[in-house]
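The data block below is coords_26.txt; it holds compact mmCIF, C-alpha atoms and all ligand atoms.
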```
# COMPACT_ATOMS: atom_id res chain seq x y z
CA MET A 199 1.11 23.34 7.87
CA SER A 200 0.39 23.57 11.51
CA GLN A 201 -2.76 24.72 13.19
CA THR A 202 -0.80 26.14 16.11
CA ALA A 203 2.61 27.65 16.74
CA TYR A 204 4.63 28.15 19.91
CA SER A 205 5.08 31.80 20.80
CA GLN A 206 8.33 32.56 22.64
CA GLN A 207 6.96 35.90 23.77
CA PHE A 208 3.71 34.51 25.17
CA GLY A 209 5.25 31.23 26.32
CA ARG A 210 2.45 29.10 24.94
CA GLU A 211 1.01 27.44 21.93
CA LEU A 212 -1.50 29.50 19.99
CA ASP A 213 -3.73 29.19 16.99
CA VAL A 214 -3.90 32.05 14.50
CA LYS A 215 -7.01 33.60 16.01
CA GLN A 216 -5.58 33.58 19.54
CA LEU A 217 -2.29 34.98 18.31
CA LEU A 218 -3.88 37.89 16.47
CA LYS A 219 -6.02 38.68 19.50
CA LEU A 220 -3.02 38.70 21.86
CA ARG A 221 -1.06 40.87 19.42
CA GLY A 222 -3.99 43.24 19.09
CA VAL A 223 -3.90 42.90 15.33
CA THR A 224 -6.96 42.94 13.12
CA ALA A 225 -6.43 40.80 10.09
CA SER A 226 -8.53 40.18 7.04
CA ILE A 227 -9.23 36.51 6.47
CA ALA A 228 -10.37 37.48 2.98
CA GLN A 229 -6.71 38.13 2.08
CA SER A 230 -4.48 35.09 1.69
CA ASP A 231 -1.67 36.92 3.52
CA PHE A 232 -4.11 38.22 6.17
CA ASP A 233 -3.15 41.75 5.19
CA LEU A 234 -0.52 41.76 7.95
CA SER A 235 1.93 44.65 8.07
CA PRO A 236 5.58 43.89 7.18
CA GLY A 237 6.49 44.60 10.80
CA GLU A 238 3.94 42.10 12.07
CA ARG A 239 5.18 39.49 9.61
CA ASP A 240 8.74 40.02 10.84
CA TRP A 241 7.55 39.53 14.41
CA VAL A 242 5.79 36.27 13.45
CA ARG A 243 8.94 35.05 11.74
CA ALA A 244 11.18 35.90 14.68
CA ASP A 245 8.94 34.79 17.53
CA LEU A 246 7.02 31.69 16.50
CA LEU A 247 8.42 28.17 16.61
CA CYS A 248 7.08 24.91 15.20
CA PRO A 249 5.14 23.21 18.03
CA SER A 250 6.85 19.92 17.22
CA CYS A 251 10.46 20.39 16.07
CA ARG A 252 10.82 24.04 17.19
CA CYS A 253 12.11 25.20 13.82
CA THR A 254 11.75 28.87 12.87
CA GLY A 255 10.61 30.65 9.72
CA ALA A 256 6.90 31.01 10.50
CA SER A 257 4.32 32.78 8.42
CA VAL A 258 0.53 32.84 8.65
CA VAL A 259 -1.27 31.29 5.68
CA LEU A 260 -4.68 30.15 4.60
CA SER A 261 -4.80 26.53 3.53
CA ASP A 262 -6.94 25.15 0.76
CA VAL A 263 -7.74 21.98 2.66
CA VAL A 264 -11.18 20.81 1.70
CA LYS A 265 -12.93 19.52 4.75
CA PRO A 266 -15.35 16.64 4.33
CA ARG A 267 -18.99 17.58 4.77
CA GLY A 268 -18.40 21.17 3.70
CA GLY A 269 -17.50 23.72 6.32
CA ASN A 270 -14.80 26.35 6.12
CA THR A 271 -12.29 25.24 3.54
CA ARG A 272 -9.93 28.15 4.17
CA GLN A 273 -8.36 27.37 7.54
CA ALA A 274 -5.74 29.63 9.03
CA HIS A 275 -2.42 27.82 9.51
CA PHE A 276 1.23 28.44 10.18
CA ARG A 277 3.84 27.53 7.61
CA PHE A 278 7.55 27.13 8.42
CA LEU A 279 10.05 27.67 5.63
CA ASN A 280 13.83 28.10 5.64
CA SER A 281 15.63 30.78 3.65
CA ASP A 282 15.56 28.61 0.48
CA GLY A 283 11.78 28.51 0.63
CA ARG A 284 11.82 24.79 1.51
CA THR A 285 10.31 23.20 4.57
CA ALA A 286 12.14 24.06 7.77
CA HIS A 287 10.79 21.02 9.67
CA THR A 288 13.03 18.08 10.53
CA LEU A 289 12.17 14.64 9.09
CA GLY A 290 10.63 13.37 12.31
CA CYS A 291 8.58 16.52 12.85
CA ASP A 292 4.83 16.14 13.04
CA PHE A 293 4.56 18.74 10.30
CA TYR A 294 7.24 17.52 7.94
CA PRO A 295 5.40 17.67 4.60
CA LEU A 296 5.02 14.11 3.35
CA ASP A 297 3.08 15.13 0.29
CA ASP A 298 4.15 17.45 -2.46
CA GLU A 299 0.55 17.91 -3.49
CA PRO A 300 -0.63 21.27 -2.26
CA GLY A 301 -3.45 21.24 0.23
CA LEU A 302 -2.68 17.76 1.55
CA THR A 303 -1.73 17.61 5.17
CA ARG A 304 -0.52 14.70 7.22
CA GLY A 305 -3.75 14.62 9.16
CA VAL A 306 -2.11 15.62 12.38
CA ASP A 307 -3.91 18.88 12.73
CA VAL A 308 -6.87 18.88 15.00
CA LEU A 309 -9.28 21.63 14.11
CA PHE A 310 -11.00 22.84 17.23
CA THR A 311 -14.20 24.00 15.67
CA ALA A 312 -17.38 24.08 17.69
CA ASP A 313 -19.09 21.42 15.60
CA ASP A 314 -16.21 18.99 15.80
CA ARG A 315 -17.41 16.51 18.39
CA ASP A 316 -14.32 14.30 18.33
CA THR A 317 -11.98 17.05 19.31
CA ARG A 318 -14.38 18.78 21.69
CA VAL A 319 -14.60 15.63 23.81
CA VAL A 320 -10.82 15.28 23.85
CA ARG A 321 -10.23 18.98 24.34
CA GLU A 322 -12.40 18.97 27.47
CA LEU A 323 -10.45 16.01 28.85
CA VAL A 324 -7.15 17.78 28.22
CA CYS A 325 -8.38 20.93 29.95
CA LYS A 326 -9.56 18.92 32.96
CA ALA A 327 -6.23 17.07 33.05
CA MET A 328 -4.30 20.33 33.10
CA ALA A 329 -6.61 21.82 35.75
CA ILE A 330 -5.98 18.93 38.17
CA GLY A 331 -2.29 18.62 37.28
CA ALA A 332 -2.63 15.18 35.67
CA LEU A 333 -0.98 16.60 32.54
CA SER A 334 1.06 19.73 31.95
CA ARG A 335 2.27 21.62 28.91
CA THR A 336 5.77 20.44 29.81
CA ASP A 337 4.63 16.80 29.74
CA ILE A 338 3.13 17.28 26.30
CA PHE A 339 6.18 19.10 25.00
CA ASN A 340 8.46 16.38 26.42
CA MET A 341 6.38 13.70 24.74
CA ARG A 342 6.60 15.45 21.40
CA ALA A 343 10.33 15.98 21.77
CA TRP A 344 10.78 12.32 22.67
CA PHE A 345 8.79 11.12 19.67
CA LEU A 346 10.64 13.54 17.45
CA THR A 347 13.97 11.96 18.47
CA GLN A 348 12.56 8.47 17.95
CA ARG A 349 11.33 9.30 14.50
CA ASP A 350 14.46 11.16 13.48
CA THR A 351 16.65 8.20 14.48
CA ASN A 352 14.61 5.47 12.76
CA SER A 353 14.30 5.91 9.05
CA PHE A 354 14.48 3.97 5.79
CA VAL A 355 15.35 4.81 2.20
CA VAL A 356 12.22 4.98 0.05
CA ALA A 357 12.13 2.62 -2.94
CA GLY A 358 9.49 0.87 -5.00
CA THR A 359 6.76 1.67 -7.51
CA SER A 360 2.99 2.01 -7.69
CA ALA A 361 2.83 -1.39 -9.41
CA MET A 362 4.50 -2.94 -6.37
CA VAL A 363 1.96 -1.28 -4.08
CA ASP A 364 -0.92 -2.67 -6.18
CA TRP A 365 0.70 -6.09 -6.19
CA LEU A 366 1.16 -6.13 -2.41
CA PHE A 367 -2.39 -4.85 -1.93
CA THR A 368 -3.77 -7.84 -3.86
CA ILE A 369 -1.43 -10.40 -2.29
CA ARG A 370 -2.20 -9.07 1.19
CA GLY A 371 -5.91 -9.63 0.44
CA LEU A 372 -5.37 -13.36 -0.13
CA PRO A 373 -6.76 -15.85 2.43
CA THR A 374 -3.59 -16.13 4.52
CA TYR A 375 -5.08 -18.46 7.12
CA GLU A 376 -6.44 -20.85 4.47
CA ALA A 377 -3.24 -21.05 2.43
CA LEU A 378 -3.13 -24.44 0.74
CA ALA A 379 -0.99 -25.83 -2.07
CA PHE A 380 -3.24 -27.09 -4.86
CA ASP A 381 -3.33 -30.85 -5.37
CA PRO A 382 -5.28 -32.41 -8.27
CA ILE A 383 -7.02 -34.66 -5.75
CA HIS A 384 -8.91 -31.59 -4.45
CA VAL A 385 -10.83 -31.40 -7.73
CA GLY A 386 -12.96 -34.41 -6.77
CA LEU A 387 -14.25 -32.84 -3.54
CA PRO A 388 -17.88 -31.67 -3.69
CA GLY A 389 -17.12 -28.15 -2.43
CA PHE A 390 -14.18 -27.58 -4.78
CA ASP A 391 -14.15 -24.09 -6.25
CA ALA A 392 -11.46 -23.35 -8.83
CA LYS A 393 -11.25 -19.63 -8.07
CA ALA A 394 -11.04 -20.08 -4.29
CA ALA A 395 -8.46 -22.84 -4.80
CA ALA A 396 -6.37 -20.50 -6.94
CA ARG A 397 -6.44 -17.80 -4.25
CA ARG A 398 -5.47 -20.32 -1.57
CA HIS A 399 -2.65 -21.63 -3.72
CA LEU A 400 -1.34 -18.11 -4.32
CA ALA A 401 -1.51 -17.47 -0.57
CA PHE A 402 0.53 -20.66 -0.11
CA LEU A 403 3.14 -19.50 -2.64
CA HIS A 404 3.46 -16.18 -0.79
CA LYS A 405 3.12 -17.47 2.76
CA ASP A 406 6.61 -16.39 3.83
CA LEU A 407 6.08 -12.92 2.45
CA LEU A 408 2.60 -12.66 3.97
CA ALA A 409 3.99 -13.61 7.37
CA GLY A 410 6.32 -10.61 7.17
CA VAL A 411 3.82 -7.96 6.02
CA PRO A 412 3.48 -5.35 8.78
CA ARG A 413 0.43 -5.69 11.00
CA ALA A 414 -1.28 -2.49 9.94
CA ALA A 415 -4.28 -1.17 8.08
CA PHE A 416 -4.00 -1.59 4.32
CA ASP A 417 -7.27 -0.47 2.79
CA ALA A 418 -7.67 1.50 -0.43
CA PRO A 419 -6.97 4.93 1.14
CA VAL A 420 -3.76 3.59 2.75
CA ARG A 421 -2.77 2.00 -0.58
CA ASP A 422 -3.18 5.33 -2.35
CA ARG A 423 -1.30 7.11 0.41
CA VAL A 424 1.63 4.68 0.06
CA LYS A 425 1.74 5.41 -3.68
CA ARG A 426 1.93 9.13 -2.99
CA LEU A 427 4.68 8.62 -0.42
CA LEU A 428 6.71 6.55 -2.89
CA SER A 429 6.36 9.03 -5.72
CA SER A 430 7.08 12.07 -3.52
CA HIS A 431 10.04 10.62 -1.62
CA ARG A 432 11.73 8.07 -3.89
CA GLY A 433 15.38 7.82 -2.89
CA GLY A 434 14.76 10.02 0.14
CA ARG A 435 14.23 8.98 3.74
CA LEU A 436 11.02 8.43 5.68
CA ILE A 437 10.31 7.48 9.28
CA ALA A 438 10.36 3.77 10.13
CA MET A 439 7.44 3.22 12.51
CA GLU A 440 8.18 -0.40 13.42
CA PRO A 441 10.28 0.45 16.53
CA LEU A 442 7.26 2.39 17.81
CA ARG A 443 4.82 -0.49 17.31
CA PRO A 444 4.66 -1.69 20.95
CA LEU A 445 3.81 1.88 21.96
CA PHE A 446 1.25 2.17 19.16
CA ASP A 447 -0.39 -1.06 20.33
CA LYS A 448 -0.65 0.26 23.89
CA THR A 449 -1.98 3.58 22.64
CA VAL A 450 -4.75 1.83 20.71
CA THR A 451 -5.61 -0.32 23.75
CA LEU A 452 -5.77 2.65 26.11
CA GLY A 453 -7.85 4.61 23.59
CA THR A 454 -10.35 1.74 23.38
CA LEU A 455 -10.57 1.56 27.17
CA MET A 456 -11.06 5.32 27.46
CA VAL A 457 -13.91 5.26 24.93
CA ASP A 458 -15.57 2.29 26.61
CA TYR A 459 -15.22 3.20 30.30
CA GLY A 460 -15.56 6.92 29.74
CA ALA A 461 -18.61 6.40 27.49
CA LEU A 462 -16.98 9.03 25.29
CA LYS A 463 -19.45 10.24 22.71
CA LEU A 464 -17.37 10.05 19.59
CA PRO A 465 -18.94 9.61 16.15
CA LYS A 466 -16.50 6.80 15.43
CA SER A 467 -16.91 5.18 18.78
CA ARG A 468 -14.53 2.26 18.44
CA PHE A 469 -10.92 1.92 17.57
CA ASP A 470 -10.31 -0.60 14.87
CA TYR A 471 -6.65 -1.52 14.68
CA PHE A 472 -6.89 -2.51 11.04
CA LYS A 473 -8.97 0.46 10.00
CA GLN A 474 -7.15 3.03 12.11
CA ASN A 475 -10.31 5.03 12.43
CA ALA A 476 -9.49 6.54 15.79
CA PRO A 477 -9.76 10.32 15.93
CA SER A 478 -6.21 11.64 15.96
CA ALA A 479 -6.93 13.83 19.00
CA LEU A 480 -7.90 10.77 21.03
CA THR A 481 -4.80 8.90 19.87
CA ALA A 482 -2.71 11.90 20.88
CA LEU A 483 -4.27 12.05 24.35
CA SER A 484 -3.86 8.31 24.79
CA ALA A 485 -0.18 8.47 23.84
CA THR A 486 0.45 11.39 26.20
CA LEU A 487 -1.21 9.68 29.16
CA LEU A 488 0.95 6.61 28.52
CA PHE A 489 4.08 8.70 28.10
CA VAL A 490 3.65 10.43 31.47
CA SER A 491 2.90 7.03 33.02
CA ASN A 492 6.12 5.45 31.72
CA TRP A 493 4.01 3.48 29.20
CA ASP A 494 2.32 1.59 32.03
CA LEU A 495 -1.21 0.88 30.79
CA ALA A 496 -2.82 0.44 34.22
CA ALA A 497 -1.26 3.66 35.56
CA ALA A 498 -2.28 5.60 32.45
CA PHE A 499 -5.84 4.32 32.69
CA ALA A 500 -6.05 5.25 36.39
CA ARG A 501 -4.88 8.73 35.42
CA PHE A 502 -7.65 8.88 32.82
CA ALA A 503 -10.22 7.88 35.46
CA ARG A 504 -9.10 10.78 37.70
CA ILE A 505 -9.25 13.19 34.76
CA HIS A 506 -12.68 11.99 33.68
CA GLY A 507 -14.14 12.65 37.13
CA ALA A 508 -12.68 16.17 37.41
CA PRO A 509 -14.83 19.29 36.90
CA LEU A 510 -14.61 21.14 33.59
CA PRO A 511 -12.61 24.38 33.89
CA ASP A 512 -13.80 27.64 32.30
CA ASP A 513 -10.78 28.18 30.08
CA LEU A 514 -10.75 25.66 27.28
CA THR A 515 -7.81 27.12 25.34
CA ALA A 516 -5.36 24.83 27.17
CA GLY A 517 -6.69 21.93 25.10
CA ASN A 518 -5.14 23.31 21.91
CA VAL A 519 -1.88 21.73 22.73
CA MET A 520 -3.22 18.20 22.33
CA GLY A 521 -3.75 18.38 18.60
CA LEU A 522 -0.99 16.04 17.49
CA ASN A 523 -1.07 12.34 16.94
CA PRO A 524 2.44 10.89 17.18
CA PHE A 525 1.39 7.84 15.16
CA HIS A 526 -0.10 9.60 12.15
CA ASP A 527 0.46 7.73 8.90
CA PHE A 528 1.53 4.65 10.84
CA SER A 529 0.07 2.20 8.30
CA ALA A 530 1.19 3.96 5.14
CA LEU A 531 4.72 4.42 6.48
CA GLU A 532 4.88 0.79 7.55
CA MET A 533 3.74 -0.47 4.15
CA ALA A 534 6.17 1.88 2.39
CA ARG A 535 9.00 0.51 4.55
CA PHE A 536 8.02 -3.06 3.69
CA ILE A 537 7.89 -2.31 -0.03
CA ALA A 538 11.29 -0.61 0.11
CA ALA A 539 12.79 -3.94 1.24
CA LEU A 540 11.23 -6.00 -1.61
CA PRO A 541 13.37 -6.99 -4.62
CA PRO A 542 13.24 -4.20 -7.24
CA GLU A 543 11.13 -4.54 -10.40
CA SER A 544 14.30 -5.26 -12.38
CA GLU A 545 14.60 -8.55 -10.47
CA ARG A 546 11.03 -9.82 -10.60
CA ASP A 547 7.54 -9.04 -11.93
CA TYR A 548 4.89 -7.52 -9.73
CA ASP A 549 1.71 -8.50 -11.57
CA ALA A 550 -0.80 -10.20 -9.31
CA GLN A 551 -3.28 -10.78 -12.14
CA ALA A 552 -0.68 -12.65 -14.19
CA GLU A 553 0.15 -14.79 -11.15
CA PHE A 554 -3.51 -15.54 -10.60
CA ALA A 555 -3.97 -16.39 -14.29
CA ALA A 556 -1.00 -18.81 -14.23
CA VAL A 557 -2.30 -20.62 -11.13
CA SER A 558 -5.83 -20.74 -12.57
CA ALA A 559 -4.51 -22.26 -15.81
CA MET A 560 -2.64 -24.92 -13.83
CA ILE A 561 -5.86 -25.76 -11.94
CA GLN A 562 -7.92 -25.84 -15.15
CA ARG A 563 -5.48 -28.36 -16.63
CA ALA A 564 -5.96 -30.57 -13.58
CA ILE A 565 -9.73 -30.25 -13.90
CA ALA A 566 -9.53 -31.27 -17.58
CA ALA A 567 -7.31 -34.22 -16.71
CA ALA A 568 -9.83 -35.33 -14.10
CA GLY A 569 -12.52 -35.54 -16.75
CA GLY A 570 -13.76 -31.95 -16.61
CA ARG A 571 -15.73 -30.35 -13.85
CA PRO A 572 -16.94 -26.77 -13.83
ZN ZN B 601 8.41 21.14 12.75
```
Would you give me this structure, written as structure tokens?
Amino acid sequence: MSQTAYSQQFGRELDVKQLLKLRGVTASIAQSDFDLSPGERDWVRADLLCPSCRCTGASVVLSDVVKPRGGNTRQAHFRFLNSDGRTAHTLGCDFYPLDDEPGLTRGVDVLFTADDRDTRVVRELVCKAMAIGALSRTDIFNMRAWFLTQRDTNSFVVAGTSAMVDWLFTIRGLPTYEALAFDPIHVGLPGFDAKAAARRHLAFLHKDLLAGVPRAAFDAPVRDRVKRLLSSHRGGRLIAMEPLRPLFDKTVTLGTLMVDYGALKLPKSRFDYFKQNAPSALTALSATLLFVSNWDLAAAFARFARIHGAPLPDDLTAGNVMGLNPFHDFSALEMARFIAALPPESERDYDAQAEFAAVSAMIQRAIAAAGGRP
């Protein structure tokens, strides 16, 4: 579901509230279908396009997304369905539904509510940028269209199980940089620790695999997200993000510089590459500035400096258009791609605890042979 839709009649991107105002329609937010007349619904269907892939089939809906820290849980959204009642979005679209679970979104929507400090800061920057001509709606649309093509052309076939995700999660947590094959002679060293030695030995056994694991966040929420992607899309196709990695890296760098130099007052004030905690609106702005600067970091940052120093215009609706992060789900998609390339469960076991137990037993035997140490 998308927070905004592109109106062909009005020639701009609108959220539900703005649309209803322009159409002169009073709608009841208490009704899940907004109590719109059939004629108005037909107009919505015929006029509105997805802001990302430009598909048709729009309707206005209330989502059940539960926002953290309370707030309005019934946000107005646009939904795009084809005549079969399935999603009308293309695979690479920002709004292609990755989850079958109702109420889950891809986290690309930026809700421009007054108390949302992340997006207010970014929204003001976008409005300033448009006012001084440092960014235009065309630039933003071109960026989206470009990313859409990139994502549609790079995909992989989804394969793998939850057990494989859990296995990789544990193996990825091993001390990669201290990988060491166990040798019975280690037992005599005063700092020898059987458990740590087992983890280092396992890391050694998997060093080739660990070297190939994508450089991306892989915390518990990402792990759970990968499991949902696998179960929802097994045998289907998903976007391969790896070709976009150099651009993602630059986007993170520019975002960090913008926060630092601009002293941007964001609750999560620092990007962390491996936590991916950047507000999606900031990531979206960063990517757009780079896109219009031919991915030249210095040029994009100079553009940011000009924008930052510009006066704030009165009309802040122009900032709506920034609400998409082209790198959403980067980590989960990368991990899913990696898992899809692993040997299937029919060819090998994916049980990290069993592997750890086997290595521990081998070490315990060596300890016993050395005369027994704790
Ligand atoms: Zn779409």
Would you tabulate, counting all atoms listed in the file, all residues of chain A that have an atom at most 7 Å from an atom of ligand ZN 601 (chain B), showing the closest pair of atoms and their distance in Å to one decimal, sorted by chain then ascending number, as CSV?
```
residue,atom,partner,partner_atom,distance
A:Cys248,CA,B:ZN601,ZN,4.7
A:Pro249,CA,B:ZN601,ZN,6.5
A:Ser250,CA,B:ZN601,ZN,4.9
A:Cys251,CA,B:ZN601,ZN,4.0
A:Arg252,CA,B:ZN601,ZN,5.8
A:Cys253,CA,B:ZN601,ZN,5.6
A:Ala286,CA,B:ZN601,ZN,6.9
A:His287,CA,B:ZN601,ZN,3.9
A:Thr288,CA,B:ZN601,ZN,6.0
A:Cys291,CA,B:ZN601,ZN,4.6
A:Asp292,CA,B:ZN601,ZN,6.2
A:Phe293,CA,B:ZN601,ZN,5.2
A:Tyr294,CA,B:ZN601,ZN,6.1
```
Next on the checklist: Here is a test: counting only C-alpha atoms, which residue of A:Gly358, A:Pro477, A:Pro295, A:Pro541 is nearest to Arg432 in chain A?
Outcome noted: A:Gly358
Item to check | Residue nearest Val490 in chain A among A:Leu452, A:Val258, A:Leu234, A:Ala332 (counting all atoms listed in the file) | outcome: A:Ala332
Item to check | Atom-to-atom span, CA of Arg321 in chain A and CA of Gln207 in chain A, Å | outcome: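 Computing it gives 24.1 Å between the two atoms.
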Next on the checklist: Here is a test: counting only C-alpha atoms, which residue of A:Met560, A:Ala414, A:Ala555, A:Leu346 is nearest to Glu532 in chain A?
Outcome noted: A:Ala414
Checklist entry - A:Ala396, A:Leu442, A:Ile383, A:Met362: which is nearest Thr347 in chain A, counting all atoms listed in the file? => result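 Going through A:Ala396, A:Leu442, A:Ile383, A:Met362 one by one, the smallest distance to Thr347 in chain A is for A:Leu442.
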Next on the checklist: List the spatial neighbours of Ala559 in chain A as a list in words - criterion: any atom at most 12 Å away, all atoms listed in the file, same-chain residues fewer than 6 positions off excluded.
Outcome noted: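 Here the qualifying residues turn out to be Ala392, Lys393, Ala395, Ala396, Ala552, Glu553, Ile565 and Ala566 of chain A.
In this structure, CA of Arg504 in chain A sits 16.4 Å away from CA of Phe489 in chain A.
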Checklist entry - From the list A:Arg397, A:His275, A:Arg221, A:Lys405, which residue is nearest Ser558 in chain A when using all atoms listed in the file? => result A:Arg397
Checklist entry - CA of Ser360 in chain A and CA of Asp549 in chain A are how many Å apart? => result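 So the two atoms, CA of Ser360 in chain A and CA of Asp549 in chain A, lie 11.3 Å apart.
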Checklist entry - Out of A:Asp350, A:Asp447, A:Asp417, A:Glu322, which residue has the shortest atom-to-atom distance to Arg435 in chain A when counting only C-alpha atoms? => result A:Asp350
Checklist entry - Counting all atoms listed in the file, what is within 12 Å of Thr368 in chain A, bar same-chain residues fewer than 2 positions away, as a list in words? => result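 The neighbour list is Ala361, Met362, Val363, Asp364, Trp365, Leu366, Arg370, Gly371, Leu372, Pro373, Thr374, Arg397, Leu400, Ala401, His404, Leu408, Phe416, Asp417, Ala418, Arg421, Tyr548, Asp549, Ala550, Gln551, Ala552, Glu553 and Phe554 of chain A.
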To test the calculation: enclose all listed atoms of range 386-393 of chain A in a box whose edges run along x, y and z, add 4 Å on each side, then state centre and edge lengths in Å to one decimal, as JSON.
```
{"center_x": -14.6, "center_y": -27.0, "center_z": -5.6, "size_x": 14.6, "size_y": 22.8, "size_z": 14.4}
```
Checklist entry - Could you pull the residues within 10 Å of Val420 in chain A, counting only C-alpha atoms, minus those fewer than 2 positions along the same chain, as a PyMOL selection string? => result chain A and resi 367+414-418+422-426+473-474+527-531+533
Working from the structure I just supplied, which lacks atoms in range 280-293 of chain A, can you model N, CA and C atoms there and output them as a PDB file, in the frame of the given file?
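After the write, rebuild_28.pdb holds the following:
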```pdb
ATOM      1  N   ASN A 280      12.477  27.568   5.432  1.00  0.00           N
ATOM      2  CA  ASN A 280      13.830  28.100   5.640  1.00  0.00           C
ATOM      3  C   ASN A 280      14.120  29.157   4.567  1.00  0.00           C
ATOM      4  N   SER A 281      15.338  29.653   4.547  1.00  0.00           N
ATOM      5  CA  SER A 281      15.630  30.780   3.650  1.00  0.00           C
ATOM      6  C   SER A 281      15.578  30.383   2.171  1.00  0.00           C
ATOM      7  N   ASP A 282      15.676  29.055   1.871  1.00  0.00           N
ATOM      8  CA  ASP A 282      15.560  28.610   0.480  1.00  0.00           C
ATOM      9  C   ASP A 282      14.095  28.460   0.051  1.00  0.00           C
ATOM     10  N   GLY A 283      13.194  28.700   0.965  1.00  0.00           N
ATOM     11  CA  GLY A 283      11.780  28.510   0.630  1.00  0.00           C
ATOM     12  C   GLY A 283      11.342  27.066   0.739  1.00  0.00           C
ATOM     13  N   ARG A 284      12.188  26.194   1.305  1.00  0.00           N
ATOM     14  CA  ARG A 284      11.820  24.790   1.510  1.00  0.00           C
ATOM     15  C   ARG A 284      11.367  24.598   2.950  1.00  0.00           C
ATOM     16  N   THR A 285      10.795  23.420   3.213  1.00  0.00           N
ATOM     17  CA  THR A 285      10.310  23.200   4.570  1.00  0.00           C
ATOM     18  C   THR A 285      11.441  23.301   5.584  1.00  0.00           C
ATOM     19  N   ALA A 286      11.140  23.921   6.724  1.00  0.00           N
ATOM     20  CA  ALA A 286      12.140  24.060   7.770  1.00  0.00           C
ATOM     21  C   ALA A 286      12.052  22.913   8.776  1.00  0.00           C
ATOM     22  N   HIS A 287      11.001  22.091   8.685  1.00  0.00           N
ATOM     23  CA  HIS A 287      10.790  21.020   9.670  1.00  0.00           C
ATOM     24  C   HIS A 287      11.819  19.900   9.513  1.00  0.00           C
ATOM     25  N   THR A 288      12.156  19.242  10.620  1.00  0.00           N
ATOM     26  CA  THR A 288      13.030  18.080  10.530  1.00  0.00           C
ATOM     27  C   THR A 288      12.198  16.874  10.091  1.00  0.00           C
ATOM     28  N   LEU A 289      12.866  15.814   9.626  1.00  0.00           N
ATOM     29  CA  LEU A 289      12.170  14.640   9.090  1.00  0.00           C
ATOM     30  C   LEU A 289      11.149  14.072  10.069  1.00  0.00           C
ATOM     31  N   GLY A 290      11.526  13.994  11.332  1.00  0.00           N
ATOM     32  CA  GLY A 290      10.630  13.370  12.310  1.00  0.00           C
ATOM     33  C   GLY A 290       9.536  14.303  12.801  1.00  0.00           C
ATOM     34  N   CYS A 291       9.549  15.537  12.356  1.00  0.00           N
ATOM     35  CA  CYS A 291       8.580  16.520  12.850  1.00  0.00           C
ATOM     36  C   CYS A 291       7.161  16.121  12.446  1.00  0.00           C
ATOM     37  N   ASP A 292       6.224  16.417  13.335  1.00  0.00           N
ATOM     38  CA  ASP A 292       4.830  16.140  13.040  1.00  0.00           C
ATOM     39  C   ASP A 292       4.357  16.865  11.776  1.00  0.00           C
ATOM     40  N   PHE A 293       5.029  17.926  11.425  1.00  0.00           N
ATOM     41  CA  PHE A 293       4.560  18.740  10.300  1.00  0.00           C
ATOM     42  C   PHE A 293       5.471  18.646   9.083  1.00  0.00           C
TER      43      PHE A 293
END
```
